[in-house]
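Chemist: Structure file protein-v6.txt, compact mmCIF, C-alpha atoms, is pasted below:
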# COMPACT_ATOMS: atom_id res chain seq x y z
CA MET A 40 35.80 -0.74 23.97
CA THR A 41 32.24 -2.08 23.55
CA MET A 42 30.58 -4.64 25.78
CA THR A 43 30.48 -7.00 22.80
CA SER A 44 34.24 -6.94 22.43
CA LEU A 45 34.63 -7.52 26.18
CA ARG A 46 32.48 -10.63 25.99
CA VAL A 47 34.54 -11.95 23.09
CA ARG A 48 37.75 -11.47 25.03
CA ARG A 49 36.37 -13.47 27.99
CA ARG A 50 35.81 -16.46 25.73
CA LEU A 51 39.45 -16.54 24.50
CA PRO A 52 41.40 -19.56 25.73
CA LEU A 53 44.41 -19.04 27.97
CA TRP A 54 46.97 -19.68 25.17
CA ALA A 55 45.45 -16.92 23.03
CA LEU A 56 45.68 -14.46 25.92
CA VAL A 57 49.35 -15.30 26.34
CA LEU A 58 50.03 -14.64 22.63
CA THR A 59 48.16 -11.33 22.86
CA VAL A 60 50.32 -10.21 25.77
CA VAL A 61 53.50 -11.18 23.90
CA ALA A 62 52.41 -9.18 20.82
CA VAL A 63 51.70 -6.11 22.93
CA ALA A 64 54.94 -6.42 24.86
CA LEU A 65 57.11 -6.53 21.72
CA PRO A 66 55.98 -3.64 19.51
CA ALA A 67 59.49 -2.90 18.20
CA ILE A 68 59.75 -6.30 16.53
CA ALA A 69 56.60 -5.62 14.50
CA THR A 70 57.49 -2.15 13.21
CA SER A 71 58.13 -3.42 9.67
CA ARG A 72 54.91 -5.42 9.57
CA ALA A 73 52.04 -3.99 7.55
CA GLN A 74 49.10 -2.66 9.55
CA GLY A 75 45.59 -2.75 8.15
CA ALA A 76 43.95 -5.09 5.69
CA ALA A 77 43.88 -4.82 1.92
CA THR A 78 40.53 -5.45 0.27
CA GLY A 79 41.84 -5.13 -3.26
CA CYS A 80 44.85 -4.10 -5.27
CA ALA A 81 46.32 -4.06 -8.75
CA VAL A 82 49.96 -4.65 -9.64
CA THR A 83 51.97 -3.68 -12.71
CA TYR A 84 55.25 -5.60 -13.04
CA THR A 85 57.47 -4.10 -15.76
CA THR A 86 60.67 -5.92 -16.66
CA ASN A 87 63.88 -4.93 -18.40
CA GLU A 88 65.56 -8.24 -19.17
CA TRP A 89 68.87 -9.28 -20.67
CA SER A 90 70.76 -12.56 -20.81
CA GLY A 91 71.26 -13.66 -17.20
CA GLY A 92 69.84 -10.58 -15.54
CA PHE A 93 66.84 -8.30 -15.17
CA THR A 94 65.38 -5.32 -13.39
CA ALA A 95 61.72 -4.96 -12.49
CA GLN A 96 59.74 -1.82 -11.76
CA ILE A 97 56.64 -2.62 -9.68
CA ARG A 98 53.62 -0.40 -9.09
CA VAL A 99 51.08 -1.36 -6.43
CA THR A 100 47.69 0.37 -6.46
CA ASN A 101 45.62 0.06 -3.30
CA LEU A 102 41.94 -0.51 -4.17
CA GLY A 103 40.89 -0.95 -0.55
CA ALA A 104 41.08 1.07 2.66
CA ALA A 105 44.10 3.18 3.48
CA LEU A 106 47.10 1.24 4.82
CA ASN A 107 49.71 2.24 7.35
CA GLY A 108 52.38 -0.17 6.23
CA TRP A 109 52.16 -2.63 3.34
CA ARG A 110 53.61 -6.00 2.34
CA LEU A 111 53.49 -7.38 -1.20
CA GLU A 112 54.12 -11.09 -1.83
CA TRP A 113 54.54 -13.11 -5.02
CA THR A 114 56.19 -16.29 -6.31
CA TYR A 115 58.56 -16.56 -9.25
CA GLY A 116 57.88 -19.28 -11.79
CA GLY A 117 61.48 -19.36 -13.01
CA ASP A 118 64.85 -19.36 -11.29
CA GLN A 119 65.03 -15.60 -10.67
CA GLN A 120 67.10 -14.47 -7.68
CA VAL A 121 66.69 -10.94 -6.33
CA THR A 122 70.04 -9.25 -5.67
CA SER A 123 69.03 -5.70 -4.70
CA ALA A 124 66.02 -3.42 -4.41
CA TRP A 125 65.06 0.22 -3.98
CA ASN A 126 62.08 1.89 -2.26
CA ALA A 127 61.25 -1.40 -0.51
CA GLN A 128 62.83 -4.08 1.66
CA VAL A 129 62.79 -7.21 -0.51
CA THR A 130 63.58 -10.69 0.77
CA GLN A 131 63.42 -14.05 -0.97
CA SER A 132 63.03 -17.61 0.28
CA GLY A 133 63.18 -20.14 -2.52
CA SER A 134 60.84 -18.80 -5.18
CA ALA A 135 58.73 -16.80 -2.71
CA VAL A 136 59.44 -13.04 -2.59
CA THR A 137 58.24 -10.47 -0.06
CA ALA A 138 58.53 -6.70 -0.44
CA VAL A 139 57.85 -4.52 2.64
CA ASN A 140 57.54 -0.75 2.71
CA VAL A 141 60.34 1.51 3.86
CA ALA A 142 59.80 4.46 6.19
CA HIS A 143 59.00 7.12 3.58
CA ASN A 144 56.32 5.13 1.69
CA ALA A 145 54.60 3.22 4.53
CA VAL A 146 51.28 5.04 4.13
CA LEU A 147 49.32 3.85 1.12
CA ALA A 148 46.11 5.80 0.69
CA ALA A 149 42.89 4.34 -0.67
CA GLY A 150 43.24 4.53 -4.43
CA GLY A 151 46.92 5.47 -4.07
CA SER A 152 49.92 3.81 -5.65
CA VAL A 153 53.48 3.09 -4.62
CA ASP A 154 56.44 2.25 -6.85
CA PHE A 155 59.52 0.23 -6.05
CA GLY A 156 62.06 -1.73 -8.03
CA LEU A 157 64.49 -4.61 -7.86
CA GLN A 158 67.37 -6.16 -9.73
CA GLY A 159 68.12 -9.86 -10.07
CA THR A 160 69.65 -12.72 -11.98
CA TRP A 161 68.31 -15.78 -13.78
CA ARG A 162 69.84 -18.80 -15.55
CA THR A 163 67.21 -20.81 -17.44
CA ALA A 164 63.91 -18.90 -17.34
CA ALA A 165 62.51 -15.64 -15.99
CA PRO A 166 58.72 -15.48 -16.53
CA ALA A 167 57.04 -12.51 -14.86
CA PRO A 168 54.85 -13.39 -11.86
CA THR A 169 51.10 -13.19 -12.41
CA ALA A 170 49.69 -13.44 -8.87
CA PHE A 171 50.33 -11.05 -5.98
CA ALA A 172 48.99 -10.55 -2.46
CA LEU A 173 48.91 -7.26 -0.56
CA ASN A 174 48.95 -7.64 3.23
CA GLY A 175 47.96 -11.28 2.79
CA THR A 176 44.97 -10.59 0.53
CA PRO A 177 45.19 -11.67 -3.14
CA CYS A 178 45.12 -8.76 -5.52
CA GLY A 179 41.90 -8.52 -7.46
CA GLY A 180 43.40 -6.25 -10.10
CA THR A 181 45.29 -7.64 -13.04
CA ALA A 182 49.01 -8.20 -12.70
CA SER A 183 50.56 -6.90 -15.90
CA PRO A 184 53.94 -8.41 -16.80
CA THR A 185 55.18 -6.14 -19.58
CA PRO A 186 58.52 -6.46 -21.37
CA THR A 187 58.93 -2.71 -21.77
CA PRO A 188 58.01 0.34 -19.70
CA PRO A 189 54.54 1.85 -20.27
CA PRO A 190 54.68 4.31 -23.18
CA SER A 191 54.07 8.00 -22.74
CA PRO A 192 51.39 9.58 -24.95
CA THR A 193 52.30 9.55 -28.61
CA PRO A 194 51.64 12.51 -30.92
CA THR A 195 47.94 12.99 -31.63
CA ALA A 196 48.47 12.86 -35.40
CA PRO A 197 50.72 10.12 -36.78
CA ALA A 198 53.69 11.36 -38.73
CA PRO A 199 53.95 10.34 -42.38
CA ALA A 200 56.31 7.45 -43.03
CA GLU A 201 57.46 8.89 -46.35
CA CYS A 202 60.57 11.04 -46.17
CA ALA A 203 60.58 12.80 -49.54
CA GLY A 204 61.86 16.33 -48.98
CA ALA A 205 63.77 15.44 -45.81
CA THR A 206 67.43 16.40 -45.52
CA ILE A 207 68.37 12.71 -45.39
CA CYS A 208 66.10 10.13 -47.01
CA SER A 209 68.04 6.96 -47.74
CA ASP A 210 67.17 3.31 -48.26
CA PHE A 211 70.67 2.64 -49.68
CA GLU A 212 69.24 1.56 -53.02
CA ASP A 213 71.52 4.10 -54.70
CA GLN A 214 74.61 2.20 -53.50
CA THR A 215 76.18 0.22 -56.33
CA GLY A 216 79.10 -1.49 -54.62
CA THR A 217 79.83 -3.16 -51.33
CA VAL A 218 81.64 -0.13 -49.87
CA PRO A 219 79.53 2.92 -48.87
CA SER A 220 79.98 5.71 -51.41
CA GLY A 221 78.41 8.93 -52.59
CA PRO A 222 76.18 10.31 -49.79
CA TRP A 223 77.67 7.81 -47.29
CA GLN A 224 81.36 7.54 -46.43
CA THR A 225 83.23 5.17 -44.11
CA THR A 226 84.82 6.91 -41.13
CA ALA A 227 86.37 6.19 -37.73
CA PRO A 228 86.39 9.60 -35.99
CA ASP A 229 88.46 8.64 -32.94
CA CYS A 230 90.18 5.35 -33.60
CA GLN A 231 89.66 2.22 -35.65
CA GLY A 232 89.78 -1.47 -34.79
CA THR A 233 88.39 -4.59 -36.41
CA GLY A 234 84.91 -3.23 -37.19
CA LYS A 235 83.76 -2.60 -40.76
CA VAL A 236 80.77 -1.25 -42.67
CA SER A 237 79.46 -2.50 -46.00
CA VAL A 238 76.46 -2.41 -48.31
CA ASP A 239 74.52 -5.66 -47.93
CA THR A 240 72.28 -7.17 -50.60
CA SER A 241 71.23 -10.24 -48.58
CA VAL A 242 69.35 -8.46 -45.74
CA ALA A 243 67.07 -5.43 -46.21
CA TYR A 244 63.94 -3.93 -44.69
CA SER A 245 62.78 -2.49 -48.00
CA GLY A 246 64.23 -2.89 -51.47
CA THR A 247 67.33 -5.02 -51.86
CA ARG A 248 70.05 -3.13 -49.97
CA SER A 249 70.91 -2.09 -46.46
CA LEU A 250 73.91 -0.81 -44.53
CA ARG A 251 75.65 -3.61 -42.63
CA VAL A 252 77.92 -2.98 -39.64
CA ASP A 253 80.21 -5.67 -38.23
CA GLY A 254 80.97 -4.08 -34.88
CA GLY A 255 83.92 -5.42 -32.95
CA ALA A 256 84.57 -5.54 -29.22
CA GLY A 257 87.52 -4.01 -27.41
CA TYR A 258 88.56 -0.55 -26.38
CA CYS A 259 88.22 2.13 -29.07
CA ASN A 260 86.86 -0.18 -31.75
CA HIS A 261 84.99 2.40 -33.85
CA VAL A 262 83.58 2.32 -37.37
CA PHE A 263 80.77 4.29 -39.04
CA ALA A 264 79.15 5.21 -42.30
CA ALA A 265 78.71 8.99 -42.15
CA SER A 266 76.19 10.98 -44.13
CA THR A 267 77.81 13.74 -46.19
CA ARG A 268 74.88 16.10 -45.53
CA ASP A 269 75.43 19.14 -43.30
CA LEU A 270 72.64 19.24 -40.70
CA SER A 271 73.50 22.65 -39.21
CA SER A 272 70.37 24.29 -40.59
CA VAL A 273 67.89 21.49 -39.86
CA GLY A 274 65.33 22.37 -37.23
CA PRO A 275 64.54 24.02 -34.92
CA VAL A 276 63.49 20.44 -34.03
CA VAL A 277 65.47 17.62 -35.64
CA TYR A 278 63.40 14.50 -36.39
CA VAL A 279 65.11 11.15 -37.09
CA ARG A 280 63.69 7.79 -38.15
CA MET A 281 65.56 4.61 -39.02
CA ARG A 282 65.11 0.87 -39.21
CA VAL A 283 67.69 -1.10 -37.22
CA ARG A 284 68.25 -4.84 -36.90
CA HIS A 285 70.54 -6.19 -34.15
CA THR A 286 72.00 -9.67 -33.99
CA THR A 287 73.09 -9.44 -30.34
CA ALA A 288 71.35 -7.90 -27.33
CA LEU A 289 72.78 -4.66 -25.99
CA PRO A 290 75.57 -5.54 -23.55
CA ALA A 291 76.21 -4.37 -20.01
CA SER A 292 79.18 -2.39 -21.27
CA HIS A 293 78.78 0.98 -22.98
CA VAL A 294 78.35 0.86 -26.77
CA THR A 295 77.14 3.32 -29.43
CA PHE A 296 75.45 2.68 -32.79
CA VAL A 297 74.30 6.21 -33.76
CA SER A 298 76.67 9.17 -33.39
CA MET A 299 75.84 12.81 -34.17
CA PRO A 300 78.56 15.49 -34.11
CA ASP A 301 77.21 18.28 -31.90
CA ALA A 302 78.13 21.95 -32.34
CA SER A 303 77.13 22.69 -28.73
CA GLN A 304 79.86 20.27 -27.63
CA GLY A 305 82.48 21.69 -30.00
CA GLY A 306 81.98 18.79 -32.40
CA LYS A 307 81.99 16.04 -29.77
CA ALA A 308 79.26 13.45 -30.25
CA LEU A 309 75.68 13.05 -29.13
CA ARG A 310 75.34 9.27 -29.04
CA VAL A 311 72.61 6.63 -29.09
CA GLY A 312 73.63 3.22 -27.81
CA GLY A 313 73.33 0.99 -24.81
CA GLN A 314 74.57 0.29 -21.31
CA ASN A 315 73.45 -2.22 -18.69
CA GLY A 316 71.47 -3.98 -21.41
CA ALA A 317 69.18 -1.03 -22.18
CA LEU A 318 68.92 1.72 -24.78
CA GLN A 319 70.52 5.01 -23.72
CA TRP A 320 71.69 8.44 -24.85
CA ASN A 321 75.22 9.53 -24.03
CA ARG A 322 76.89 12.96 -24.23
CA GLU A 323 80.58 12.70 -25.08
CA THR A 324 81.91 15.84 -23.35
CA ASP A 325 80.80 14.95 -19.81
CA ASP A 326 79.71 11.30 -20.32
CA ALA A 327 76.21 12.17 -19.06
CA THR A 328 73.70 9.41 -19.75
CA LEU A 329 69.96 9.37 -20.32
CA PRO A 330 68.59 7.68 -18.29
CA GLU A 331 70.94 7.67 -15.33
CA GLN A 332 72.53 4.26 -14.88
CA SER A 333 70.89 3.47 -11.54
CA PRO A 334 68.77 0.30 -11.48
CA ALA A 335 65.65 2.49 -11.38
CA GLY A 336 66.84 4.55 -14.33
CA VAL A 337 67.77 1.52 -16.43
CA ALA A 338 64.35 -0.02 -15.73
CA LEU A 339 62.71 3.04 -17.31
CA SER A 340 64.50 2.40 -20.60
CA THR A 341 64.18 -0.72 -22.72
CA PRO A 342 66.34 -3.52 -24.16
CA LEU A 343 66.28 -3.88 -27.92
CA PRO A 344 64.93 -6.98 -29.69
CA THR A 345 67.26 -9.06 -31.81
CA GLY A 346 66.75 -10.89 -35.07
CA ARG A 347 64.13 -8.49 -36.42
CA TRP A 348 63.82 -4.96 -37.74
CA LEU A 349 62.75 -2.30 -35.25
CA CYS A 350 61.77 1.29 -35.89
CA LEU A 351 63.84 3.80 -33.92
CA ARG A 352 62.60 7.39 -33.87
CA TYR A 353 63.75 10.40 -31.90
CA GLN A 354 63.49 14.17 -31.91
CA ILE A 355 65.91 16.78 -30.62
CA ASP A 356 64.93 20.40 -29.92
CA THR A 357 67.88 22.64 -30.76
CA THR A 358 66.41 25.60 -28.84
CA ALA A 359 65.72 23.93 -25.47
CA GLN A 360 66.69 20.84 -23.51
CA SER A 361 63.93 18.66 -24.96
CA MET A 362 64.25 15.15 -26.44
CA ARG A 363 61.91 12.23 -27.07
CA THR A 364 62.63 8.67 -28.23
CA TRP A 365 60.39 5.89 -29.57
CA VAL A 366 61.01 2.20 -30.28
CA ASP A 367 58.37 0.65 -32.56
CA ASP A 368 56.13 3.67 -31.83
CA ARG A 369 56.33 3.15 -28.06
CA GLU A 370 57.79 6.18 -26.34
CA VAL A 371 60.55 5.23 -23.91
CA ALA A 372 59.86 6.90 -20.56
CA GLY A 373 63.51 6.84 -19.49
CA LEU A 374 64.65 8.67 -22.65
CA LEU A 375 62.48 11.75 -22.20
CA VAL A 376 63.92 15.22 -21.54
CA ASP A 377 61.31 17.92 -20.98
CA GLY A 378 63.23 20.54 -19.00
CA VAL A 379 61.91 19.33 -15.64
CA ALA A 380 64.26 17.05 -13.71
CA THR A 381 62.96 13.51 -13.21
CA GLN A 382 64.65 11.30 -10.62
CA ASP A 383 66.85 8.56 -12.10
CA VAL A 384 66.24 9.89 -15.63
CA ASP A 385 67.63 13.27 -16.68
CA GLY A 386 69.45 14.76 -13.70
CA GLN A 387 72.84 14.34 -15.39
CA TRP A 388 71.51 15.50 -18.73
CA LEU A 389 70.07 18.77 -17.41
CA ALA A 390 73.34 19.64 -15.70
CA ARG A 391 74.28 21.07 -19.11
CA ARG A 392 71.89 23.86 -20.06
CA THR A 393 72.95 24.33 -23.68
CA PRO A 394 70.70 22.29 -25.97
CA PRO A 395 72.25 20.00 -28.62
CA ARG A 396 72.87 21.24 -32.16
CA PRO A 397 73.55 18.16 -34.35
CA THR A 398 75.56 18.82 -37.50
CA GLY A 399 75.94 15.30 -38.88
CA LEU A 400 74.73 11.70 -38.72
CA ARG A 401 76.90 8.59 -38.41
CA LEU A 402 75.65 4.98 -38.31
CA GLY A 403 77.91 2.23 -37.05
CA TRP A 404 79.41 0.83 -33.85
CA GLU A 405 81.62 2.07 -31.04
CA SER A 406 82.82 -0.30 -28.36
CA TYR A 407 84.63 0.90 -25.26
CA GLY A 408 85.38 -2.54 -23.82
CA ALA A 409 83.24 -5.65 -24.18
CA GLY A 410 80.43 -5.79 -26.71
CA ALA A 411 80.35 -6.88 -30.35
CA ASP A 412 77.37 -6.95 -32.71
CA THR A 413 76.40 -7.33 -36.33
CA LEU A 414 73.62 -4.90 -37.20
CA TRP A 415 71.90 -3.41 -40.20
CA PHE A 416 70.36 0.00 -40.98
CA ASP A 417 67.70 0.78 -43.58
CA ASP A 418 65.12 3.48 -44.42
CA VAL A 419 67.04 6.27 -42.71
CA ALA A 420 65.39 9.71 -42.62
CA LEU A 421 66.19 13.03 -40.97
CA GLY A 422 64.48 16.37 -41.36
CA SER A 423 62.70 19.34 -39.81
CA SER A 424 59.24 17.68 -39.80
CA PRO A 425 58.00 14.55 -38.00
CA ILE A 426 58.69 11.28 -39.84
CA GLY A 427 56.74 8.19 -38.82
CA CYS A 428 57.40 4.48 -39.02
Please express what this file holds, its structure, as structure tokens.
Modeler:
Amino acid sequence: MTMTSLRVRRRLPLWALVLTVVAVALPAIATSRAQGAATGCAVTYTTNEWSGGFTAQIRVTNLGAALNGWRLEWTYGGDQQVTSAWNAQVTQSGSAVTAVNVAHNAVLAAGGSVDFGLQGTWRTAAPAPTAFALNGTPCGGTASPTPTPPPSPTPTAPAPAECAGATICSDFEDQTGTVPSGPWQTTAPDCQGTGKVSVDTSVAYSGTRSLRVDGGAGYCNHVFAASTRDLSSVGPVVYVRMRVRHTTALPASHVTFVSMPDASQGGKALRVGGQNGALQWNRETDDATLPEQSPAGVALSTPLPTGRWLCLRYQIDTTAQSMRTWVDDREVAGLLVDGVATQDVDGQWLARRTPPRPTGLRLGWESYGAGADTLWFDDVALGSSPIGC
């Protein structure tokens, strides 16, 4: 202790000395308090939102000195209510929210980042917060409320949008009636309910026709239009591109809108659909999902927009456990399989070592409980070479 600091202490009034003694005498009470001062930070707040609920993945980057303990504070502008959190202790009072480190991520190095997440509800509005403070100091970096997770790098060369020469290249303009025919046939592989598929001339992405699916709710309510093409020889990487238009947001219950019979599963399906309001892959034999259905896993996927056409692309390696998925040319981080296990993403998926071997393509709707939707498909392509939007 320097002489200067001693002189300062002598000038403290008696009440300040009493408070100092109390703070020293009660160290256990302050163990969750952040130690150190933040001189700058940046926050990325990434939301996955559905009607009445949301998850948020939050990354805090420390632009100041190293911290031993951190506390992030913000205020919601809507009526969001936090219900749970992971990798942080999150409390809420009114619209004010405080997130405090847990034991394993208390140290935040200079220039380092920490990630945590939360789940919550909302009723009327859920705008993302735009101002944060780290250890009481406002963040100088930009808070980035983003509706979807940050994309992974996209291929260096864009794939051609044309699909001439692909195994499947269909805009449904060759359909002459209202019932799928020729290269597309109506099917219900497991069971059939109230759902139906038809050729629609009132809604289309290109041309004048599309495939319409009126998907019903309820257990085992399945209906599809199946391509008659055998995909057994496509590959070694299978590339798929389609335009999809949903009327209703993906529900909390499990649903499927793309189904691919898979030889590696004995003909059981490799499925694209939704659960917990976000896009997901599902494997029929063991019900493995990609991502895992933890709040953190769901936050790494994305909800799907409604009332407009989106471009869905994915690729499946038939020689290794490798898959990638894009929505409107944004790669979805939670739908990536690269052979290396990623927490909350592909642990279930990699439990099976045999890679998929799709043999067919079906477009439609499967409900396993709640969840109905009217959706359309157009400009569907599948082949052995990349196909862009």
Chemist: Considering all atoms listed in the file, can you say which of A:Phe416, A:Phe171, A:Tyr278, A:Trp125 comes closest to Thr357 (chain A)?
Modeler: A:Tyr278
Chemist: Hey, what's within 9 Å of Gly274 (chain A) if we count only C-alpha atoms and toss same-chain stuff fewer than 4 positions away? As a PyMOL selection string, please?
Modeler: chain A and resi 270+278+355-357+422-424
Chemist: Output as lines of an AutoDock Vina configuration file the centre and edge lengths (Å, one decimal) of the box along x, y and z of the file that holds every listed atom of region 315-326 of chain A after adding 6 Å on each side.
Modeler:
center_x = 75.4
center_y = 5.9
center_z = -21.9
size_x = 25.0
size_y = 31.8
size_z = 18.4
Chemist: Compare A:Asp154, A:Asp301, A:Asp385, A:Asp417 by their minimum atom-to-atom distance to Arg248 (chain A), counting all atoms listed in the file, and give me the closest one.
Modeler: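 When distances to Arg248 (chain A) are compared using all atoms listed in the file, the smallest one comes from A:Asp417.
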Chemist: How close does each residue of region 250-328 of chain A get to region 395-410 of chain A, giving the shortest atom pair and distance in Å to one decimal for every residue with an atom at most 7 Å away, counting all atoms listed in the file, sorted by chain and residue number, as JSON lines?
Modeler:
{"residue": "A:Val252", "atom": "CA", "partner": "A:Gly403", "partner_atom": "CA", "distance": 5.8}
{"residue": "A:Gly254", "atom": "CA", "partner": "A:Trp404", "partner_atom": "CA", "distance": 5.3}
{"residue": "A:Gly255", "atom": "CA", "partner": "A:Ser406", "partner_atom": "CA", "distance": 7.0}
{"residue": "A:Ala256", "atom": "CA", "partner": "A:Gly410", "partner_atom": "CA", "distance": 4.8}
{"residue": "A:Gly257", "atom": "CA", "partner": "A:Gly408", "partner_atom": "CA", "distance": 4.4}
{"residue": "A:Tyr258", "atom": "CA", "partner": "A:Tyr407", "partner_atom": "CA", "distance": 4.3}
{"residue": "A:Cys259", "atom": "CA", "partner": "A:Tyr407", "partner_atom": "CA", "distance": 5.4}
{"residue": "A:Asn260", "atom": "CA", "partner": "A:Ser406", "partner_atom": "CA", "distance": 5.3}
{"residue": "A:His261", "atom": "CA", "partner": "A:Glu405", "partner_atom": "CA", "distance": 4.4}
{"residue": "A:Val262", "atom": "CA", "partner": "A:Trp404", "partner_atom": "CA", "distance": 5.7}
{"residue": "A:Phe263", "atom": "CA", "partner": "A:Gly403", "partner_atom": "CA", "distance": 4.0}
{"residue": "A:Ala264", "atom": "CA", "partner": "A:Leu402", "partner_atom": "CA", "distance": 5.3}
{"residue": "A:Ala265", "atom": "CA", "partner": "A:Arg401", "partner_atom": "CA", "distance": 4.2}
{"residue": "A:Ser266", "atom": "CA", "partner": "A:Leu400", "partner_atom": "CA", "distance": 5.6}
{"residue": "A:Arg268", "atom": "CA", "partner": "A:Gly399", "partner_atom": "CA", "distance": 6.8}
{"residue": "A:Asp269", "atom": "CA", "partner": "A:Thr398", "partner_atom": "CA", "distance": 5.8}
{"residue": "A:Leu270", "atom": "CA", "partner": "A:Thr398", "partner_atom": "CA", "distance": 4.4}
{"residue": "A:Ser271", "atom": "CA", "partner": "A:Thr398", "partner_atom": "CA", "distance": 4.7}
{"residue": "A:Pro290", "atom": "CA", "partner": "A:Gly410", "partner_atom": "CA", "distance": 5.8}
{"residue": "A:Ser292", "atom": "CA", "partner": "A:Ala409", "partner_atom": "CA", "distance": 6.0}
{"residue": "A:His293", "atom": "CA", "partner": "A:Tyr407", "partner_atom": "CA", "distance": 6.3}
{"residue": "A:Val294", "atom": "CA", "partner": "A:Ser406", "partner_atom": "CA", "distance": 4.9}
{"residue": "A:Thr295", "atom": "CA", "partner": "A:Glu405", "partner_atom": "CA", "distance": 4.9}
{"residue": "A:Phe296", "atom": "CA", "partner": "A:Trp404", "partner_atom": "CA", "distance": 4.5}
{"residue": "A:Val297", "atom": "CA", "partner": "A:Leu402", "partner_atom": "CA", "distance": 4.9}
{"residue": "A:Ser298", "atom": "CA", "partner": "A:Arg401", "partner_atom": "CA", "distance": 5.1}
{"residue": "A:Met299", "atom": "CA", "partner": "A:Leu400", "partner_atom": "CA", "distance": 4.8}
{"residue": "A:Pro300", "atom": "CA", "partner": "A:Gly399", "partner_atom": "CA", "distance": 5.4}
{"residue": "A:Asp301", "atom": "CA", "partner": "A:Pro397", "partner_atom": "CA", "distance": 4.4}
{"residue": "A:Ala302", "atom": "CA", "partner": "A:Arg396", "partner_atom": "CA", "distance": 5.3}
{"residue": "A:Ser303", "atom": "CA", "partner": "A:Pro395", "partner_atom": "CA", "distance": 5.6}
Chemist: So, with only C-alpha atoms as the atoms that count, which of A:Leu173, A:Leu414, A:Val371, A:Ala165 lies closest to Ala288 (chain A)?
Modeler: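 Residue with the minimum atom-to-atom distance to Ala288 (chain A): A:Leu414.
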Chemist: Just the number, please: distance in Å from CA of Tyr115 (chain A) to CA of Gln96 (chain A), one decimal.
Modeler: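 Between these atoms lies a distance of 15.0 Å.
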Chemist: Here's a test: counting all atoms listed in the file, identify every protein, DNA and RNA residue with an atom at most 9 Å from (72.1, -0.1, -21.7) in the file's coordinate frame, and state them as a list in words.
Modeler: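 Protein and nucleic acid residues near the point are Leu289, Pro290, Ala291, Ser292, His293, Val294, Gly312, Gly313, Gln314, Asn315, Gly316, Ala317, Leu318, Gln319, Gln332, Val337, Ser340, Thr341 and Pro342 of chain A.
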Chemist: List as JSON, numbers by chain: which residues have an atom within 8 Å of (65.6, -5.3, -15.6), counting all atoms listed in the file?
Modeler: {"A": [86, 87, 88, 89, 92, 93, 94, 95, 96, 157, 158, 159, 334, 337, 338]}
